Amino acid sequence: MKIEIIKEQFDPWEMLVDYKKNQLQNDAKIGASSIFLGTMRDFNDDKDIKSMELEHYPGMTEKYLTKLVDDSIQKFKIIDGLVIHRVGLLKPTDPIVLVATWSEHRDNAFNATREIMESLKSEAPFWKKESTNTGFKWVKPKGQSEDVVDES
Amino acid sequence: MKIEIIKEQFDPWEMLVDYKKNQLQNDAKIGASSIFLGTMRDFNDDKDIKSMELEHYPGMTEKYLTKLVDDSIQKFKIIDGLVIHRVGLLKPTDPIVLVATWSEHRDNAFNATREIMESLKSEAPFWKKESTNTGFKWVKPKGQSEDVVDES
Amino acid sequence: MKIYVKYFANIRDLIGKDSERIDIGKGMTAKEIWNLITNGSKMPQNILVAVNHEYVNIEHVLKDGDELAFFPPVTGG
Amino acid sequence: MKIYVKYFANIRDLIGKDSERIDIGKGMTAKEIWNLITNGSKMPQNILVAVNHEYVNIEHVLKDGDELAFFPPVTGG
């Protein structure tokens with residue numbers, strides 16, 4: 001298993017090849033690899049995005065992702081899993097997140113990669129701030145209304 | 001879009017990088033890439049597999065896969081899709097099939113790659129013949145009973 | 001009327017050749033052609049039939065010059 | 001009793017700093033600490049709270065030496 005929060009631009013395929021070659025055991029037991037790559041788009045909600053700042057909560061983010069992949073290995077009976085997530089200043093087309101899982105049969109890897117991505121999107125402590133022509137703006141999750149509303 | 005039936009061992013990551021670099025348009029519109037890689041295991045139904053012969057129906061296989069990816073582009077509103085499938089003599093750990101789809105949002109690419117794999121497994125004309133210690137044997141689909149039963 | 005017939009995987013092993021050109025009567029179905037080729041031997045369960053690279057059912061009627069194929073359930077991927 | 005408090009993203013902008021060490025009374029909840037820090041200003045909707053790197057709800061009671069964090073809904077991936 002590998003979890004990495006990375007400050008510099010990364011090459012997802014190089015990292016996959018490197019991990020598979022140097023760390024992944026039981027190669028000939030693997031029948032299925034399911035990989036998801038999230039990359040930065042140059043638009044969002046019809047605005048042009050120039051760049052993006054990605055922040056995380058050092059310590060908590062790594063802990064959350066480690067538990068997430070650990071739980072997936074148990075739940076989906078996958079052989080191994082990997083998550084690489086970028087932080088810092090990003091430009092369009094930059095890789096943001098790489099998730100890979102390996103299993104004997106395809107159903108397990110497909111389901112594990114999907115659930116890791118869904119959990120990561122909804123719970124892993126990362127925050128995006130986009131830079132557009134009109135300035136900086138914190139990204140809101142999909143379907144979320146404006147903040148600063150009293151809930152007390 | 002790219003469909004390729006390939007007779008020699010292939011490097012899936014090299015082919016992905018090459019396709020993305022040279023043929024994939026609208027890079028900065030892509031937010032999600034969903035990739036599946038099927039590789040040859042050294043066991044199946046508790047038997048040790050030495051090697052495997054993969055046969056296809058030249059002409060029909062390519063036509064089937066082209067329509068499958070074309071239909072997925074429409075149905076899932078993905079930006080592009082690619083399928084590479086190996087034929088010939090394979091050894092354990094060899095890549096068998098690479099499926100990649102690209103889309104703006106993750107749901108589309110996840111669903112498209114999954115459906116392409118499921119359709120490919122159930123309908124694309126490929127056949128596997130395994131070589132074990134006890135000789136050659138045509139692989140049966142999962143849950144399939146013995147053949148040569150009268151259905152007339 | 002002539003058609004071209006192809007066999008794959010264990011169906012090829014069963015028939016003993018990978019393809020042949022045969023003469024058929026007008027209006028013959030894929031199933032009738034199977035019986036003609038095999039002298040009426042049992043059709044393997046779940047056999048798949050394609051004409052001109054498209055799946056068809058065993059009652060499909062062949063036309064002159066068609067390419068007919070018989071093969072077992074697929075196992076790629 | 002002392003705890004360490006961290007703020008992220010737009011919550012950091014709102015508070016005007018990224019972290020601080022504060023004195024709290026025994027038995028105080030995360031929500032009471034928010035009120036203490038902000039002089040009773042409204043808690044942003046959907047605010048998330050973590051103690052020692054685990055999610056907790058706003059009624060969670062803090063202990064001496066805890067690391068408390070306030071942040072908005074996450075947007076990674």
# chains A, B, ... in the order shown; residues from 1 in each chain; ligands from 1
call {"tool": "residues_around", "arguments": {"residues": "stretch 49-60 of chain D", "least_positions_apart": "6", "cutoff": "6 Å", "atoms": "only C-alpha atoms", "output": "MDAnalysis selection string"}}
result
(chainID A and resid 60) or (chainID D and resid 29:31 67:70)
call {"tool": "residues_around", "arguments": {"residues": "B:Trp127", "least_positions_apart": "6", "cutoff": "9 Å", "atoms": "only C-alpha atoms", "output": "PyMOL selection string"}}
result
(chain B and resi 53-56+138-140) or (chain C and resi 8-9+72-76)
call {"tool": "closest_residue", "arguments": {"among": "A:Lys67, A:Lys2, A:Arg106, A:Arg86", "to": "A:Thr39", "atoms": "only C-alpha atoms"}}
result
A:Arg86
call {"tool": "residues_around", "arguments": {"residues": "A:Ile96", "least_positions_apart": "3", "cutoff": "8 Å", "atoms": "only C-alpha atoms", "output": "list of chain:residue names"}}
result
A:Leu37, A:Gly38, A:Thr39, A:Met40, A:His85, A:Arg86, A:Val87, D:Gly77
call {"tool": "write_last_selection", "arguments": {"atoms": "C-alpha atoms", "output": "compact mmCIF listing (two decimals), in the first residue's frame"}}
result
# COMPACT_ATOMS: atom_id res chain seq x y z
CA LEU A 37 -6.75 9.68 -12.72
CA GLY A 38 -8.24 13.07 -11.90
CA THR A 39 -6.74 15.97 -13.85
CA MET A 40 -7.25 19.72 -13.68
CA HIS A 85 -2.72 13.28 -4.35
CA ARG A 86 -1.26 16.57 -5.46
CA VAL A 87 -1.18 19.74 -3.32
CA GLY D 77 -9.82 14.68 -5.93
call {"tool": "interface_residues", "arguments": {"of": "chain B", "to": "chain A", "cutoff": "8 Å", "atoms": "only C-alpha atoms", "output": "list in words"}}
result
Trp13, Val17, Asp27, Ala28, Lys29, Ile30, Gly31, Ala32, Ser33, Ser34, Ile35, Phe36, Leu37, Gly38, Thr39, Met40, Arg41, Asp42, Phe43, Pro92, Thr93, Glu104, Arg106, Phe110 and Arg114 of chain B
call {"tool": "write_last_selection", "arguments": {"atoms": "C-alpha atoms", "output": "short mmCIF file (atom, residue, chain, number, x, y, z; two decimals), in the first residue's frame"}}
result
data_model
loop_
_atom_site.label_atom_id
_atom_site.label_comp_id
_atom_site.auth_asym_id
_atom_site.auth_seq_id
_atom_site.Cartn_x
_atom_site.Cartn_y
_atom_site.Cartn_z
CA TRP B 13 1.37 2.80 -19.90
CA VAL B 17 1.01 8.12 -22.85
CA ASP B 27 -6.76 17.89 -23.04
CA ALA B 28 -7.81 20.68 -20.69
CA LYS B 29 -11.48 19.58 -20.87
CA ILE B 30 -10.56 16.20 -19.37
CA GLY B 31 -11.13 15.91 -15.63
CA ALA B 32 -11.34 12.13 -15.35
CA SER B 33 -9.53 9.14 -16.85
CA SER B 34 -10.74 5.64 -15.98
CA ILE B 35 -8.42 2.83 -16.95
CA PHE B 36 -8.76 -0.91 -16.67
CA LEU B 37 -5.95 -3.36 -17.30
CA GLY B 38 -6.52 -7.11 -17.45
CA THR B 39 -3.38 -9.21 -16.98
CA MET B 40 -2.73 -12.93 -17.21
CA ARG B 41 -2.71 -14.83 -13.91
CA ASP B 42 -0.72 -18.02 -13.31
CA PHE B 43 -3.75 -19.82 -11.94
CA PRO B 92 1.61 -15.05 -16.86
CA THR B 93 1.74 -11.31 -15.98
CA GLU B 104 -15.10 15.86 -17.89
CA ARG B 106 -15.64 11.03 -13.02
CA PHE B 110 -16.08 5.18 -14.45
CA ARG B 114 -16.96 -0.61 -16.66
#
call {"tool": "select_by_dssp", "arguments": {"residues": "chain C", "states": "strand (DSSP E or B)", "output": "ChimeraX atom specification"}}
result
/C:2-7,19-23,29,48-51,54-56,61,67-71
call {"tool": "atom_distance", "arguments": {"atom1": "atom CA of C:Gly25", "atom2": "atom CA of B:Tyr57"}}
result
26.1 Å
call {"tool": "residues_around", "arguments": {"residues": "D:Ile33", "least_positions_apart": "5", "cutoff": "12 Å", "atoms": "only C-alpha atoms", "output": "count of residues only"}}
result
27
call {"tool": "closest_residue", "arguments": {"among": "A:Lys47, A:Lys63, A:Lys20, A:Lys142", "to": "A:Asp80", "atoms": "only C-alpha atoms"}}
result
A:Lys20
call {"tool": "atom_distance", "arguments": {"atom1": "atom CA of D:Met1", "atom2": "atom CA of D:Asp66"}}
result
9.8 Å
call {"tool": "decode", "arguments": {"residues": "stretch 61-73 of chain D", "atoms": "N, CA, C and O atoms", "output": "PDB file, in the first residue's frame"}}
result
ATOM      1  N   VAL D  61     -16.666  16.670  23.318  1.00  0.00           N
ATOM      2  CA  VAL D  61     -16.013  17.336  24.457  1.00  0.00           C
ATOM      3  C   VAL D  61     -14.478  17.211  24.340  1.00  0.00           C
ATOM      4  O   VAL D  61     -13.952  16.123  24.144  1.00  0.00           O
ATOM      5  N   LEU D  62     -13.810  18.357  24.452  1.00  0.00           N
ATOM      6  CA  LEU D  62     -12.348  18.388  24.282  1.00  0.00           C
ATOM      7  C   LEU D  62     -11.609  18.025  25.570  1.00  0.00           C
ATOM      8  O   LEU D  62     -12.089  18.302  26.662  1.00  0.00           O
ATOM      9  N   LYS D  63     -10.427  17.427  25.411  1.00  0.00           N
ATOM     10  CA  LYS D  63      -9.548  17.103  26.539  1.00  0.00           C
ATOM     11  C   LYS D  63      -8.256  17.920  26.416  1.00  0.00           C
ATOM     12  O   LYS D  63      -7.908  18.383  25.325  1.00  0.00           O
ATOM     13  N   ASP D  64      -7.573  18.028  27.537  1.00  0.00           N
ATOM     14  CA  ASP D  64      -6.311  18.771  27.573  1.00  0.00           C
ATOM     15  C   ASP D  64      -5.336  18.229  26.523  1.00  0.00           C
ATOM     16  O   ASP D  64      -5.166  17.019  26.397  1.00  0.00           O
ATOM     17  N   GLY D  65      -4.736  19.138  25.757  1.00  0.00           N
ATOM     18  CA  GLY D  65      -3.724  18.753  24.771  1.00  0.00           C
ATOM     19  C   GLY D  65      -4.278  18.338  23.418  1.00  0.00           C
ATOM     20  O   GLY D  65      -3.521  18.046  22.489  1.00  0.00           O
ATOM     21  N   ASP D  66      -5.611  18.323  23.272  1.00  0.00           N
ATOM     22  CA  ASP D  66      -6.222  17.933  21.992  1.00  0.00           C
ATOM     23  C   ASP D  66      -5.878  18.916  20.870  1.00  0.00           C
ATOM     24  O   ASP D  66      -5.675  20.101  21.115  1.00  0.00           O
ATOM     25  N   GLU D  67      -5.877  18.376  19.636  1.00  0.00           N
ATOM     26  CA  GLU D  67      -5.794  19.244  18.459  1.00  0.00           C
ATOM     27  C   GLU D  67      -7.174  19.282  17.803  1.00  0.00           C
ATOM     28  O   GLU D  67      -7.671  18.279  17.302  1.00  0.00           O
ATOM     29  N   LEU D  68      -7.779  20.463  17.855  1.00  0.00           N
ATOM     30  CA  LEU D  68      -9.125  20.672  17.286  1.00  0.00           C
ATOM     31  C   LEU D  68      -8.976  21.385  15.948  1.00  0.00           C
ATOM     32  O   LEU D  68      -8.124  22.260  15.806  1.00  0.00           O
ATOM     33  N   ALA D  69      -9.784  20.984  14.940  1.00  0.00           N
ATOM     34  CA  ALA D  69      -9.713  21.666  13.643  1.00  0.00           C
ATOM     35  C   ALA D  69     -11.105  21.980  13.120  1.00  0.00           C
ATOM     36  O   ALA D  69     -12.025  21.170  13.263  1.00  0.00           O
ATOM     37  N   PHE D  70     -11.241  23.170  12.537  1.00  0.00           N
ATOM     38  CA  PHE D  70     -12.483  23.594  11.872  1.00  0.00           C
ATOM     39  C   PHE D  70     -12.182  23.809  10.396  1.00  0.00           C
ATOM     40  O   PHE D  70     -11.213  24.497  10.057  1.00  0.00           O
ATOM     41  N   PHE D  71     -13.017  23.221   9.555  1.00  0.00           N
ATOM     42  CA  PHE D  71     -12.816  23.447   8.110  1.00  0.00           C
ATOM     43  C   PHE D  71     -14.106  23.233   7.329  1.00  0.00           C
ATOM     44  O   PHE D  71     -15.036  22.593   7.818  1.00  0.00           O
ATOM     45  N   PRO D  72     -14.150  23.776   6.103  1.00  0.00           N
ATOM     46  CA  PRO D  72     -15.368  23.655   5.281  1.00  0.00           C
ATOM     47  C   PRO D  72     -15.430  22.281   4.610  1.00  0.00           C
ATOM     48  O   PRO D  72     -14.454  21.532   4.655  1.00  0.00           O
ATOM     49  N   PRO D  73     -16.564  21.971   3.962  1.00  0.00           N
ATOM     50  CA  PRO D  73     -16.680  20.731   3.186  1.00  0.00           C
ATOM     51  C   PRO D  73     -15.485  20.583   2.249  1.00  0.00           C
ATOM     52  O   PRO D  73     -15.002  21.570   1.688  1.00  0.00           O
TER      53      PRO D  73
END
